[in-house]
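Undergrad: File model-v6.txt follows (compact mmCIF, C-alpha atoms and all ligand atoms):
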```
# COMPACT_ATOMS: atom_id res chain seq x y z
CA MET A 40 133.12 106.66 95.27
CA TYR A 41 129.33 106.75 95.22
CA LEU A 42 127.15 109.81 94.81
CA GLY A 43 123.42 109.89 95.46
CA ALA A 44 121.01 111.81 93.23
CA ILE A 45 117.37 112.79 93.75
CA GLU A 46 115.21 114.25 90.99
CA ALA A 47 112.08 115.36 92.81
CA GLY A 48 109.16 116.08 90.50
CA GLY A 49 105.57 116.98 91.21
CA THR A 50 104.38 113.62 89.89
CA LYS A 51 107.38 111.34 90.32
CA PHE A 52 110.65 110.97 92.18
CA VAL A 53 113.74 109.46 90.56
CA CYS A 54 116.63 108.37 92.78
CA ALA A 55 119.98 107.12 91.54
CA VAL A 56 123.40 106.14 92.71
CA GLY A 57 126.21 107.12 90.38
CA ASP A 58 129.77 108.35 90.16
CA SER A 59 131.63 111.60 89.56
CA GLY A 60 131.88 110.83 85.85
CA GLY A 61 128.13 111.17 85.50
CA ASN A 62 127.50 107.43 85.18
CA ILE A 63 124.40 106.00 86.80
CA HIS A 64 124.83 102.61 88.49
CA GLU A 65 121.35 102.03 89.87
CA ARG A 66 118.10 103.95 89.73
CA VAL A 67 114.54 103.71 90.99
CA GLN A 68 111.43 105.80 90.54
CA PHE A 69 108.15 106.10 92.39
CA PRO A 70 105.16 108.44 92.44
CA THR A 71 105.31 111.60 94.55
CA THR A 72 102.85 111.06 97.40
CA ALA A 73 102.92 112.61 100.89
CA PRO A 74 106.41 113.70 102.01
CA GLU A 75 106.79 111.10 104.81
CA GLU A 76 105.96 108.17 102.57
CA THR A 77 108.01 109.47 99.65
CA MET A 78 111.07 110.27 101.74
CA GLN A 79 110.95 106.84 103.38
CA LYS A 80 111.37 105.32 99.91
CA VAL A 81 114.29 107.63 99.18
CA ILE A 82 116.01 106.66 102.44
CA ASP A 83 115.40 102.94 101.90
CA PHE A 84 116.98 103.14 98.47
CA PHE A 85 120.14 104.95 99.58
CA LYS A 86 120.75 103.23 102.91
CA SER A 87 122.55 100.19 101.50
CA TYR A 88 125.21 102.46 99.96
CA SER A 89 128.04 104.32 101.56
CA LEU A 90 127.53 107.67 99.84
CA ASP A 91 130.04 110.53 99.70
CA ALA A 92 127.52 113.23 98.81
CA ILE A 93 123.90 113.63 97.74
CA GLY A 94 122.43 116.03 95.18
CA ILE A 95 118.79 117.10 95.11
CA GLY A 96 117.16 118.78 92.11
CA THR A 97 113.58 119.55 93.03
CA PHE A 98 110.33 121.17 91.98
CA GLY A 99 109.84 124.45 93.80
CA PRO A 100 109.74 127.12 94.77
CA VAL A 101 112.67 126.42 97.08
CA ASP A 102 114.85 128.35 99.51
CA LEU A 103 118.45 128.30 98.23
CA ASN A 104 119.85 130.97 100.52
CA ARG A 105 122.31 129.24 102.85
CA LYS A 106 121.96 132.01 105.42
CA SER A 107 118.20 131.63 105.63
CA GLN A 108 116.39 129.80 108.46
CA THR A 109 114.50 127.84 105.84
CA TYR A 110 117.44 126.94 103.57
CA GLY A 111 116.76 123.62 101.89
CA TYR A 112 112.97 123.89 102.17
CA ILE A 113 110.36 123.61 99.48
CA THR A 114 108.49 126.82 100.31
CA ASN A 115 105.06 127.99 99.12
CA THR A 116 104.23 125.22 96.66
CA PRO A 117 100.55 124.67 95.92
CA LYS A 118 101.30 120.92 95.95
CA PRO A 119 99.35 119.42 98.88
CA HIS A 120 101.46 118.47 101.97
CA TRP A 121 104.74 119.78 100.53
CA THR A 122 104.42 123.40 101.63
CA ASN A 123 107.38 124.33 103.88
CA PHE A 124 108.88 120.87 103.67
CA ASN A 125 112.44 120.71 105.01
CA PHE A 126 114.00 118.63 102.23
CA VAL A 127 117.70 119.03 103.05
CA GLY A 128 117.08 118.67 106.80
CA THR A 129 115.19 115.41 106.30
CA ILE A 130 117.95 113.88 104.17
CA GLN A 131 120.67 115.21 106.46
CA LYS A 132 119.09 113.38 109.42
CA TYR A 133 119.90 110.05 107.79
CA PHE A 134 122.99 110.82 105.72
CA HIS A 135 125.83 112.85 107.20
CA VAL A 136 127.38 113.87 103.90
CA PRO A 137 127.56 117.12 101.87
CA ILE A 138 124.24 117.84 100.20
CA GLY A 139 123.74 119.85 97.02
CA PHE A 140 120.30 121.39 96.69
CA ASP A 141 118.82 123.33 93.81
CA THR A 142 115.85 123.65 91.49
CA ASP A 143 115.20 120.85 89.00
CA VAL A 144 116.11 123.09 86.06
CA ASN A 145 119.27 124.48 87.65
CA ALA A 146 120.30 120.88 88.34
CA ALA A 147 119.69 119.91 84.72
CA ALA A 148 121.70 122.92 83.53
CA LEU A 149 124.64 121.81 85.69
CA GLY A 150 124.36 118.21 84.44
CA GLU A 151 124.45 119.45 80.86
CA LEU A 152 127.46 121.66 81.67
CA PHE A 153 129.38 118.77 83.26
CA TRP A 154 128.49 115.94 80.89
CA GLY A 155 126.04 117.08 78.19
CA ARG A 156 125.64 119.64 75.41
CA ALA A 157 127.28 122.48 77.35
CA LYS A 158 130.37 120.46 78.27
CA GLY A 159 133.50 122.62 78.27
CA LYS A 160 131.46 125.84 78.35
CA ASN A 161 131.13 128.44 81.07
CA SER A 162 127.47 129.23 80.67
CA CYS A 163 124.22 127.73 79.47
CA ILE A 164 120.50 127.76 80.03
CA TYR A 165 118.31 124.70 80.40
CA MET A 166 114.63 125.19 79.62
CA THR A 167 111.98 122.60 80.32
CA VAL A 168 108.64 122.80 78.55
CA GLY A 169 106.30 120.33 80.20
CA THR A 170 103.57 120.67 82.82
CA GLY A 171 105.17 124.02 83.55
CA ILE A 172 107.95 126.05 81.98
CA GLY A 173 111.14 126.48 83.96
CA VAL A 174 114.61 127.68 83.08
CA GLY A 175 117.89 127.07 84.89
CA ALA A 176 120.90 129.25 84.19
CA ILE A 177 124.64 129.06 84.60
CA VAL A 178 126.53 132.31 84.13
CA GLU A 179 130.32 132.63 84.45
CA GLY A 180 130.46 129.01 85.61
CA ARG A 181 127.96 129.44 88.46
CA LEU A 182 124.30 128.58 88.87
CA VAL A 183 122.19 131.71 89.12
CA HIS A 184 120.26 132.06 92.40
CA GLY A 185 120.04 135.71 93.41
CA LEU A 186 117.18 136.73 95.66
CA LEU A 187 115.30 133.42 95.32
CA HIS A 188 115.93 131.83 91.96
CA PRO A 189 115.01 132.99 88.49
CA GLU A 190 111.49 132.17 87.26
CA MET A 191 112.02 132.67 83.56
CA GLY A 192 109.00 130.57 82.60
CA HIS A 193 106.69 133.34 83.77
CA ILE A 194 107.94 136.22 81.63
CA VAL A 195 105.58 138.24 79.47
CA VAL A 196 105.64 137.53 75.75
CA ARG A 197 104.00 139.43 72.93
CA ARG A 198 100.79 137.72 71.95
CA HIS A 199 100.24 136.33 68.50
CA PRO A 200 97.53 138.56 66.94
CA ASP A 201 95.36 135.52 66.10
CA ASP A 202 95.65 133.85 69.51
CA THR A 203 92.57 134.41 71.67
CA PHE A 204 93.38 131.78 74.34
CA VAL A 205 93.22 133.47 77.77
CA GLY A 206 96.19 131.54 79.15
CA SER A 207 96.46 128.92 81.87
CA CYS A 208 98.82 130.39 84.47
CA PRO A 209 96.95 130.73 87.80
CA PHE A 210 99.08 133.77 88.68
CA HIS A 211 99.43 135.65 85.40
CA GLY A 212 97.04 134.14 82.87
CA ASP A 213 98.93 134.70 79.64
CA CYS A 214 102.57 134.65 80.71
CA LEU A 215 104.88 132.33 78.74
CA GLU A 216 103.90 129.30 80.85
CA GLY A 217 100.24 130.27 80.55
CA LEU A 218 100.50 130.34 76.75
CA ALA A 219 103.00 127.60 75.92
CA SER A 220 103.17 124.87 78.61
CA GLY A 221 101.80 121.37 77.94
CA PRO A 222 98.52 122.13 79.76
CA ALA A 223 98.19 125.43 77.83
CA ILE A 224 98.48 123.55 74.53
CA GLU A 225 95.87 121.05 75.69
CA LYS A 226 93.42 123.76 76.82
CA ARG A 227 93.83 125.88 73.70
CA TRP A 228 93.47 123.09 71.15
CA GLY A 229 91.29 120.63 73.11
CA LYS A 230 93.74 117.74 72.72
CA ARG A 231 96.98 116.66 74.30
CA GLY A 232 100.17 117.84 72.60
CA ALA A 233 101.19 114.28 71.76
CA ASP A 234 97.96 113.93 69.69
CA LEU A 235 98.50 117.17 67.74
CA SER A 236 101.71 116.22 65.91
CA GLU A 237 100.14 116.60 62.46
CA GLN A 238 98.79 120.11 63.08
CA ASP A 239 101.39 122.60 61.87
CA GLU A 240 99.62 125.64 63.33
CA VAL A 241 99.98 124.23 66.86
CA TRP A 242 103.78 123.99 66.63
CA GLU A 243 104.18 127.24 64.71
CA LEU A 244 102.39 129.11 67.50
CA GLU A 245 104.33 127.19 70.14
CA ALA A 246 107.62 128.11 68.46
CA PHE A 247 106.46 131.71 68.12
CA TYR A 248 106.19 131.96 71.92
CA LEU A 249 109.21 129.83 72.86
CA GLY A 250 111.34 131.57 70.23
CA GLN A 251 110.48 134.98 71.66
CA ALA A 252 111.31 133.85 75.17
CA ILE A 253 114.62 132.29 74.14
CA ALA A 254 115.58 135.41 72.18
CA GLN A 255 115.05 137.38 75.39
CA TYR A 256 117.10 134.96 77.46
CA ILE A 257 119.88 135.36 74.89
CA LEU A 258 119.64 139.15 75.11
CA VAL A 259 119.66 139.15 78.91
CA LEU A 260 122.16 136.40 79.77
CA SER A 261 124.17 135.74 76.59
CA PRO A 262 124.40 131.98 77.26
CA GLU A 263 126.91 129.94 75.26
CA GLN A 264 124.43 127.08 74.88
CA VAL A 265 120.64 126.79 75.01
CA ILE A 266 119.12 123.41 75.86
CA ILE A 267 115.42 122.56 75.69
CA GLY A 268 113.95 119.52 77.44
CA GLY A 269 110.57 118.40 78.78
CA GLY A 270 107.67 116.53 77.20
CA VAL A 271 106.65 119.23 74.71
CA ALA A 272 110.20 119.41 73.29
CA LYS A 273 109.70 115.81 72.12
CA GLN A 274 107.69 117.13 69.15
CA SER A 275 110.17 116.57 66.36
CA THR A 276 109.16 119.59 64.26
CA LEU A 277 109.35 122.06 67.14
CA LEU A 278 113.10 122.66 67.41
CA PRO A 279 113.68 123.77 63.78
CA ARG A 280 110.70 126.10 64.09
CA ILE A 281 112.17 127.56 67.29
CA HIS A 282 115.47 128.15 65.47
CA ARG A 283 113.64 130.14 62.81
CA HIS A 284 111.65 132.19 65.31
CA VAL A 285 114.70 133.00 67.45
CA LEU A 286 116.52 134.26 64.34
CA ASN A 287 113.44 136.30 63.39
CA HIS A 288 113.20 137.91 66.79
CA LEU A 289 116.90 138.73 67.06
CA ASN A 290 116.86 139.96 63.47
CA GLY A 291 120.64 139.98 63.07
CA TYR A 292 121.26 142.09 66.15
CA VAL A 293 123.34 139.57 68.12
CA GLN A 294 126.32 139.17 65.81
CA HIS A 295 127.89 135.84 66.60
CA GLU A 296 128.44 133.03 64.13
CA VAL A 297 127.15 130.47 66.62
CA ILE A 298 123.76 132.15 66.28
CA LEU A 299 123.97 133.34 62.69
CA LYS A 300 125.42 130.15 61.18
CA HIS A 301 125.04 127.28 63.66
CA ILE A 302 121.79 127.84 65.46
CA ASP A 303 120.98 124.12 65.17
CA HIS A 304 124.02 123.42 67.38
CA TYR A 305 123.36 126.39 69.63
CA ILE A 306 119.76 125.57 70.59
CA THR A 307 119.47 121.81 71.08
CA LEU A 308 117.79 118.99 72.94
CA PRO A 309 119.60 117.78 76.09
CA GLY A 310 122.78 115.83 75.45
CA LEU A 311 121.83 113.68 78.43
CA GLY A 312 118.35 113.05 76.97
CA ASP A 313 115.78 112.02 79.58
CA ASN A 314 118.60 111.69 82.13
CA ALA A 315 119.29 115.43 82.22
CA GLY A 316 117.38 115.81 85.50
CA ILE A 317 118.84 112.88 87.40
CA CYS A 318 122.38 113.46 86.08
CA GLY A 319 121.88 117.07 87.11
CA ALA A 320 121.23 115.94 90.67
CA LEU A 321 124.38 113.85 90.43
CA ALA A 322 126.25 116.96 89.29
CA LEU A 323 124.93 118.82 92.35
CA ALA A 324 126.31 116.03 94.55
CA LYS A 325 129.67 116.26 92.82
CA GLN A 326 129.69 120.02 93.24
CA ALA A 327 128.73 119.73 96.93
CA LEU A 328 131.65 117.36 97.48
CA GLY A 329 133.99 119.85 95.81
CA ASP A 330 132.63 122.75 97.92
CA LYS A 331 133.13 120.89 101.19
P1 LIG A 401 106.67 117.18 83.90
O1 LIG A 401 106.69 118.56 83.40
O2 LIG A 401 105.46 116.86 84.73
O3 LIG A 401 107.95 116.76 84.58
P2 LIG A 401 106.86 116.37 81.13
O4 LIG A 401 108.10 117.12 80.88
O5 LIG A 401 106.74 114.99 80.52
O6 LIG A 401 106.56 116.17 82.67
O7 LIG A 401 105.66 117.25 80.61
C1 LIG A 401 104.35 116.82 80.55
C2 LIG A 401 103.60 117.69 79.56
O8 LIG A 401 104.19 117.52 78.27
C3 LIG A 401 102.13 117.32 79.43
O9 LIG A 401 101.36 118.50 79.37
C4 LIG A 401 102.07 116.56 78.10
O10 LIG A 401 100.84 116.73 77.43
C5 LIG A 401 103.20 117.16 77.30
N1 LIG A 401 103.80 116.20 76.37
C6 LIG A 401 104.35 115.01 76.69
N2 LIG A 401 104.78 114.36 75.59
C7 LIG A 401 104.50 115.18 74.54
C8 LIG A 401 104.72 115.10 73.12
N3 LIG A 401 105.29 114.04 72.56
N4 LIG A 401 104.33 116.14 72.38
C9 LIG A 401 103.74 117.23 72.94
N5 LIG A 401 103.49 117.36 74.25
C10 LIG A 401 103.87 116.35 75.05
ZN ZN A 402 102.84 132.79 85.11
```
For this file, write the structure as structure tokens.
TA:
Amino acid sequence: MYLGAIEAGGTKFVCAVGDSGGNIHERVQFPTTAPEETMQKVIDFFKSYSLDAIGIGTFGPVDLNRKSQTYGYITNTPKPHWTNFNFVGTIQKYFHVPIGFDTDVNAAALGELFWGRAKGKNSCIYMTVGTGIGVGAIVEGRLVHGLLHPEMGHIVVRRHPDDTFVGSCPFHGDCLEGLASGPAIEKRWGKRGADLSEQDEVWELEAFYLGQAIAQYILVLSPEQVIIGGGVAKQSTLLPRIHRHVLNHLNGYVQHEVILKHIDHYITLPGLGDNAGICGALALAKQALGDK
């Protein structure tokens, strides 16, 4: 049985064919250009396979409400040409199979639940800290959608008293994404994150903000596992600093030994590594097949 997977990002698309055990058999990637050109490449890649289902994890915002006229669309994205793009409809025209469709971070959360760090658990959150900050959530075994889908990267955090950076979010200025995304780091310090590894104060401040946010996600959702991916999470000193800040913020209030004694196992990098996104799309395909 073959499953198709699409990880649609603002800069690149990854497509893969895999199986229901989470194994990837073949993959390709190409830059995200105009929808017609990009989708043609997706179709060309999949057409030599007989697929049983396809999963799509995409940048957003997206319409996930199956009762909506625009279900399966990328909606009001600022990304040129992609506004109101009918993603599911376009794929469905060529492939008459069940299609799973969700945000990139929800997909990654599901992949981690099926085959990664949250395997065997009923809940988790997957946070990406890269060009933007996004968080996918699974609660009681189900991906959280609600009205649209959560946008936990844009919550308000308490500012560090010494931080005068105005913030880079075009909507909110100094929301979490505005203060702690990759571009925010670059604007505040005048260098790319990858070139700031030696500067402790950069990663202390970063962990101060991410730690606050994660503490709030823990208070609101009580996830059994917290996973952090994305380019910024590749800084090797960041994760232990986040552990310390989360403990500081919670200050002993959430009494569970997983947090109090094993925070280094509780808040981790993705078990699927850089494949969290594409395996997540595979997980959506598997789930769509099961839902059929
Ligand atoms: P995207 O969010 O576009 O899918 P990434 O997750 O790779 O892609 O995030 C890109 C952002 O992460 C950029 O702002 C980049 O500067 C930052 N970044 C990438 N690698 C590192 C690193 N090793 N350390 C710190 N920041 C990094
Ligand atoms: Zn914002």
Undergrad: Would you write out, as JSON lines, a table of all residues in segment 127-195 of chain A that have an atom no more than 12 Å from an atom of segment 44-57 of chain A, listing for each the closest atom pair and the distance in Å to one decimal, considering only C-alpha atoms and ordering rows by chain and rising residue number?
TA:
```
{"residue": "A:Val127", "atom": "CA", "partner": "A:Ile45", "partner_atom": "CA", "distance": 11.2}
{"residue": "A:Ile130", "atom": "CA", "partner": "A:Ile45", "partner_atom": "CA", "distance": 10.5}
{"residue": "A:Ile138", "atom": "CA", "partner": "A:Ala44", "partner_atom": "CA", "distance": 9.8}
{"residue": "A:Gly139", "atom": "CA", "partner": "A:Ala44", "partner_atom": "CA", "distance": 9.3}
{"residue": "A:Phe140", "atom": "CA", "partner": "A:Ile45", "partner_atom": "CA", "distance": 9.5}
{"residue": "A:Asp141", "atom": "CA", "partner": "A:Glu46", "partner_atom": "CA", "distance": 10.2}
{"residue": "A:Thr142", "atom": "CA", "partner": "A:Ala47", "partner_atom": "CA", "distance": 9.2}
{"residue": "A:Asp143", "atom": "CA", "partner": "A:Glu46", "partner_atom": "CA", "distance": 6.9}
{"residue": "A:Val144", "atom": "CA", "partner": "A:Glu46", "partner_atom": "CA", "distance": 10.2}
{"residue": "A:Asn145", "atom": "CA", "partner": "A:Glu46", "partner_atom": "CA", "distance": 11.5}
{"residue": "A:Ala146", "atom": "CA", "partner": "A:Glu46", "partner_atom": "CA", "distance": 8.8}
{"residue": "A:Ala147", "atom": "CA", "partner": "A:Glu46", "partner_atom": "CA", "distance": 9.6}
{"residue": "A:Gly150", "atom": "CA", "partner": "A:Ala44", "partner_atom": "CA", "distance": 11.4}
{"residue": "A:Gly169", "atom": "CA", "partner": "A:Gly48", "partner_atom": "CA", "distance": 11.5}
{"residue": "A:Thr170", "atom": "CA", "partner": "A:Gly49", "partner_atom": "CA", "distance": 9.4}
{"residue": "A:Gly171", "atom": "CA", "partner": "A:Gly49", "partner_atom": "CA", "distance": 10.4}
```
Undergrad: Would you mind telling me which residue in A:Tyr292, A:Phe210, A:Tyr110, A:Phe153 lies nearest to ligand ZN 402 (chain A) when using all atoms listed in the file?
TA: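 Closest candidate: A:Phe210.
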Undergrad: Which residues of segment 173-255 of chain A sit at most 8 Å from segment 92-103 of chain A, using all atoms listed in the file? Give each one's shortest atom pair and distance in Å (one decimal place), in chain and ascending residue order, as CSV.
TA:
```
residue,atom,partner,partner_atom,distance
A:His184,CA,A:Leu103,CA,7.2
A:Leu187,CA,A:Asp102,CA,6.6
A:His188,CA,A:Leu103,CA,7.6
```
Undergrad: Counting only C-alpha atoms and all ligand atoms, which residue out of A:Ala272, A:Ile298, A:Ile172, A:Ala324 sits closest to ligand ZN 402 (chain A)?
TA: A:Ile172
Undergrad: What does the structure give for the distance between atom C6 of ligand LIG 401 (chain A) and atom CA of Asp303 of chain A, in Å to one decimal?
TA: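 Taking atom C6 of ligand LIG 401 (chain A) as the start and atom CA of Asp303 of chain A as the end point, the length is 22.2 Å.
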Undergrad: Between A:Val168, A:Leu277, A:Val81, A:Leu90, which one has atoms that come closest to Glu237 of chain A, using all atoms listed in the file?
TA: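 Using all atoms listed in the file, Glu237 of chain A sits closest to A:Leu277.
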Undergrad: In terms of the shortest atom-to-atom distance over only C-alpha atoms, which of A:Arg283, A:Lys158, A:His120, A:Lys80 is closest to Gln68 of chain A?
TA: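 Among A:Arg283, A:Lys158, A:His120, A:Lys80, it is A:Lys80 that comes nearest to Gln68 of chain A.
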Undergrad: Quick one: contact table of chain A to ligand ZN 402 (chain A), 10 Å max, nearest atom pair and distance in Å to one decimal per residue, counting only C-alpha atoms and all ligand atoms, chain and number order, as a Markdown table?
TA:
```
| residue | atom | partner | partner_atom | distance |
| --- | --- | --- | --- | --- |
| A:Gly171 | CA | A:ZN402 | ZN | 9.2 |
| A:Ile172 | CA | A:ZN402 | ZN | 9.0 |
| A:Glu190 | CA | A:ZN402 | ZN | 8.9 |
| A:Met191 | CA | A:ZN402 | ZN | 9.3 |
| A:Gly192 | CA | A:ZN402 | ZN | 7.0 |
| A:His193 | CA | A:ZN402 | ZN | 4.1 |
| A:Ile194 | CA | A:ZN402 | ZN | 7.1 |
| A:Val195 | CA | A:ZN402 | ZN | 8.3 |
| A:Gly206 | CA | A:ZN402 | ZN | 9.0 |
| A:Ser207 | CA | A:ZN402 | ZN | 8.1 |
| A:Cys208 | CA | A:ZN402 | ZN | 4.7 |
| A:Pro209 | CA | A:ZN402 | ZN | 6.8 |
| A:Phe210 | CA | A:ZN402 | ZN | 5.3 |
| A:His211 | CA | A:ZN402 | ZN | 4.5 |
| A:Gly212 | CA | A:ZN402 | ZN | 6.4 |
| A:Asp213 | CA | A:ZN402 | ZN | 7.0 |
| A:Cys214 | CA | A:ZN402 | ZN | 4.8 |
| A:Leu215 | CA | A:ZN402 | ZN | 6.7 |
| A:Glu216 | CA | A:ZN402 | ZN | 5.6 |
| A:Gly217 | CA | A:ZN402 | ZN | 5.8 |
| A:Leu218 | CA | A:ZN402 | ZN | 9.0 |
```
Undergrad: Output C-alpha atoms for every residue in that selection, as a CSV table (one decimal), in the coordinates of the input.
TA:
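After the write, part02.csv holds the following:
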```csv
chain,number,residue,atom,x,y,z
A,171,GLY,CA,105.2,124.0,83.6
A,172,ILE,CA,108.0,126.0,82.0
A,190,GLU,CA,111.5,132.2,87.3
A,191,MET,CA,112.0,132.7,83.6
A,192,GLY,CA,109.0,130.6,82.6
A,193,HIS,CA,106.7,133.3,83.8
A,194,ILE,CA,107.9,136.2,81.6
A,195,VAL,CA,105.6,138.2,79.5
A,206,GLY,CA,96.2,131.5,79.2
A,207,SER,CA,96.5,128.9,81.9
A,208,CYS,CA,98.8,130.4,84.5
A,209,PRO,CA,97.0,130.7,87.8
A,210,PHE,CA,99.1,133.8,88.7
A,211,HIS,CA,99.4,135.6,85.4
A,212,GLY,CA,97.0,134.1,82.9
A,213,ASP,CA,98.9,134.7,79.6
A,214,CYS,CA,102.6,134.6,80.7
A,215,LEU,CA,104.9,132.3,78.7
A,216,GLU,CA,103.9,129.3,80.8
A,217,GLY,CA,100.2,130.3,80.6
A,218,LEU,CA,100.5,130.3,76.8
```
Undergrad: State, in Å with one decimal place, the distance from atom CA of Val241 of chain A to atom CA of Arg227 of chain A.
TA: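 Straight-line distance from atom CA of Val241 of chain A to atom CA of Arg227 of chain A works out to 9.3 Å.
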Undergrad: Enumerate as a list in words the residues within 6 Å of ligand LIG 401 (chain A), counting all atoms listed in the file.
TA: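 Protein and nucleic-acid residues within 6 Å of ligand LIG 401 (chain A): Gly169, Thr170, Gly171, Gly221, Pro222, Arg231, Gly232, Ala233, Gly269, Gly270, Val271, Lys273 and Gln274 of chain A.
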Undergrad: Is there a way to get, as a PyMOL selection string, all residues within 10 Å of the point (121.4, 131.0, 87.4) in file coordinates, counting all atoms listed in the file?
TA: chain A and resi 144-145+148-149+162-165+174-185+188-190+260
Undergrad: Which neighbours of Asn62 of chain A fall inside 10 Å, counting only C-alpha atoms, when residues of the same chain fewer than 2 positions from it are skipped, and could you give them as a VMD selection string?
TA: chain A and resid 42 55 to 60 64 to 65 154 318 321
Undergrad: Which polymer residues have any atom within 10 Å of an atom of Leu286 of chain A, counting only C-alpha atoms, with same-chain residues fewer than 2 positions away left out, as a count of residues only?
TA: 16
Undergrad: Please, what distance in Å, to one decimal, runs between atom CA of Arg198 of chain A and atom CA of Ala246 of chain A?
TA: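 Answer for the atom CA of Arg198 of chain A to atom CA of Ala246 of chain A separation: 12.3 Å.
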Undergrad: For Pro119 of chain A, list every protein, DNA or RNA residue within 10 Å, evaluated using all atoms listed in the file, and leave out those in the same chain fewer than 5 positions away; present the list as a list in words.
TA: Thr72, Ala73 and Pro74 of chain A
Undergrad: Would you please work out which residue, of A:Ile113, A:Leu323, A:Ile317, A:Met78, is nearest to Gln131 of chain A when using only C-alpha atoms?
TA: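 Of all the options, A:Met78 lies closest to Gln131 of chain A.
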Undergrad: With only C-alpha atoms as the basis for distance, which of A:Glu263, A:Tyr305, A:Arg280, A:Lys325 is at the shortest distance from Gly159 of chain A?
TA: A:Glu263
Undergrad: Report, as AutoDock Vina command-line options, the centre and edge lengths in Å (one decimal) of the axis-aligned box enclosing every listed atom of segment 216-229 of chain A, padded by 6 Å on each side.
TA:
```
--center_x 97.6 --center_y 125.5 --center_z 76.0 --size_x 24.6 --size_y 21.7 --size_z 21.7
```
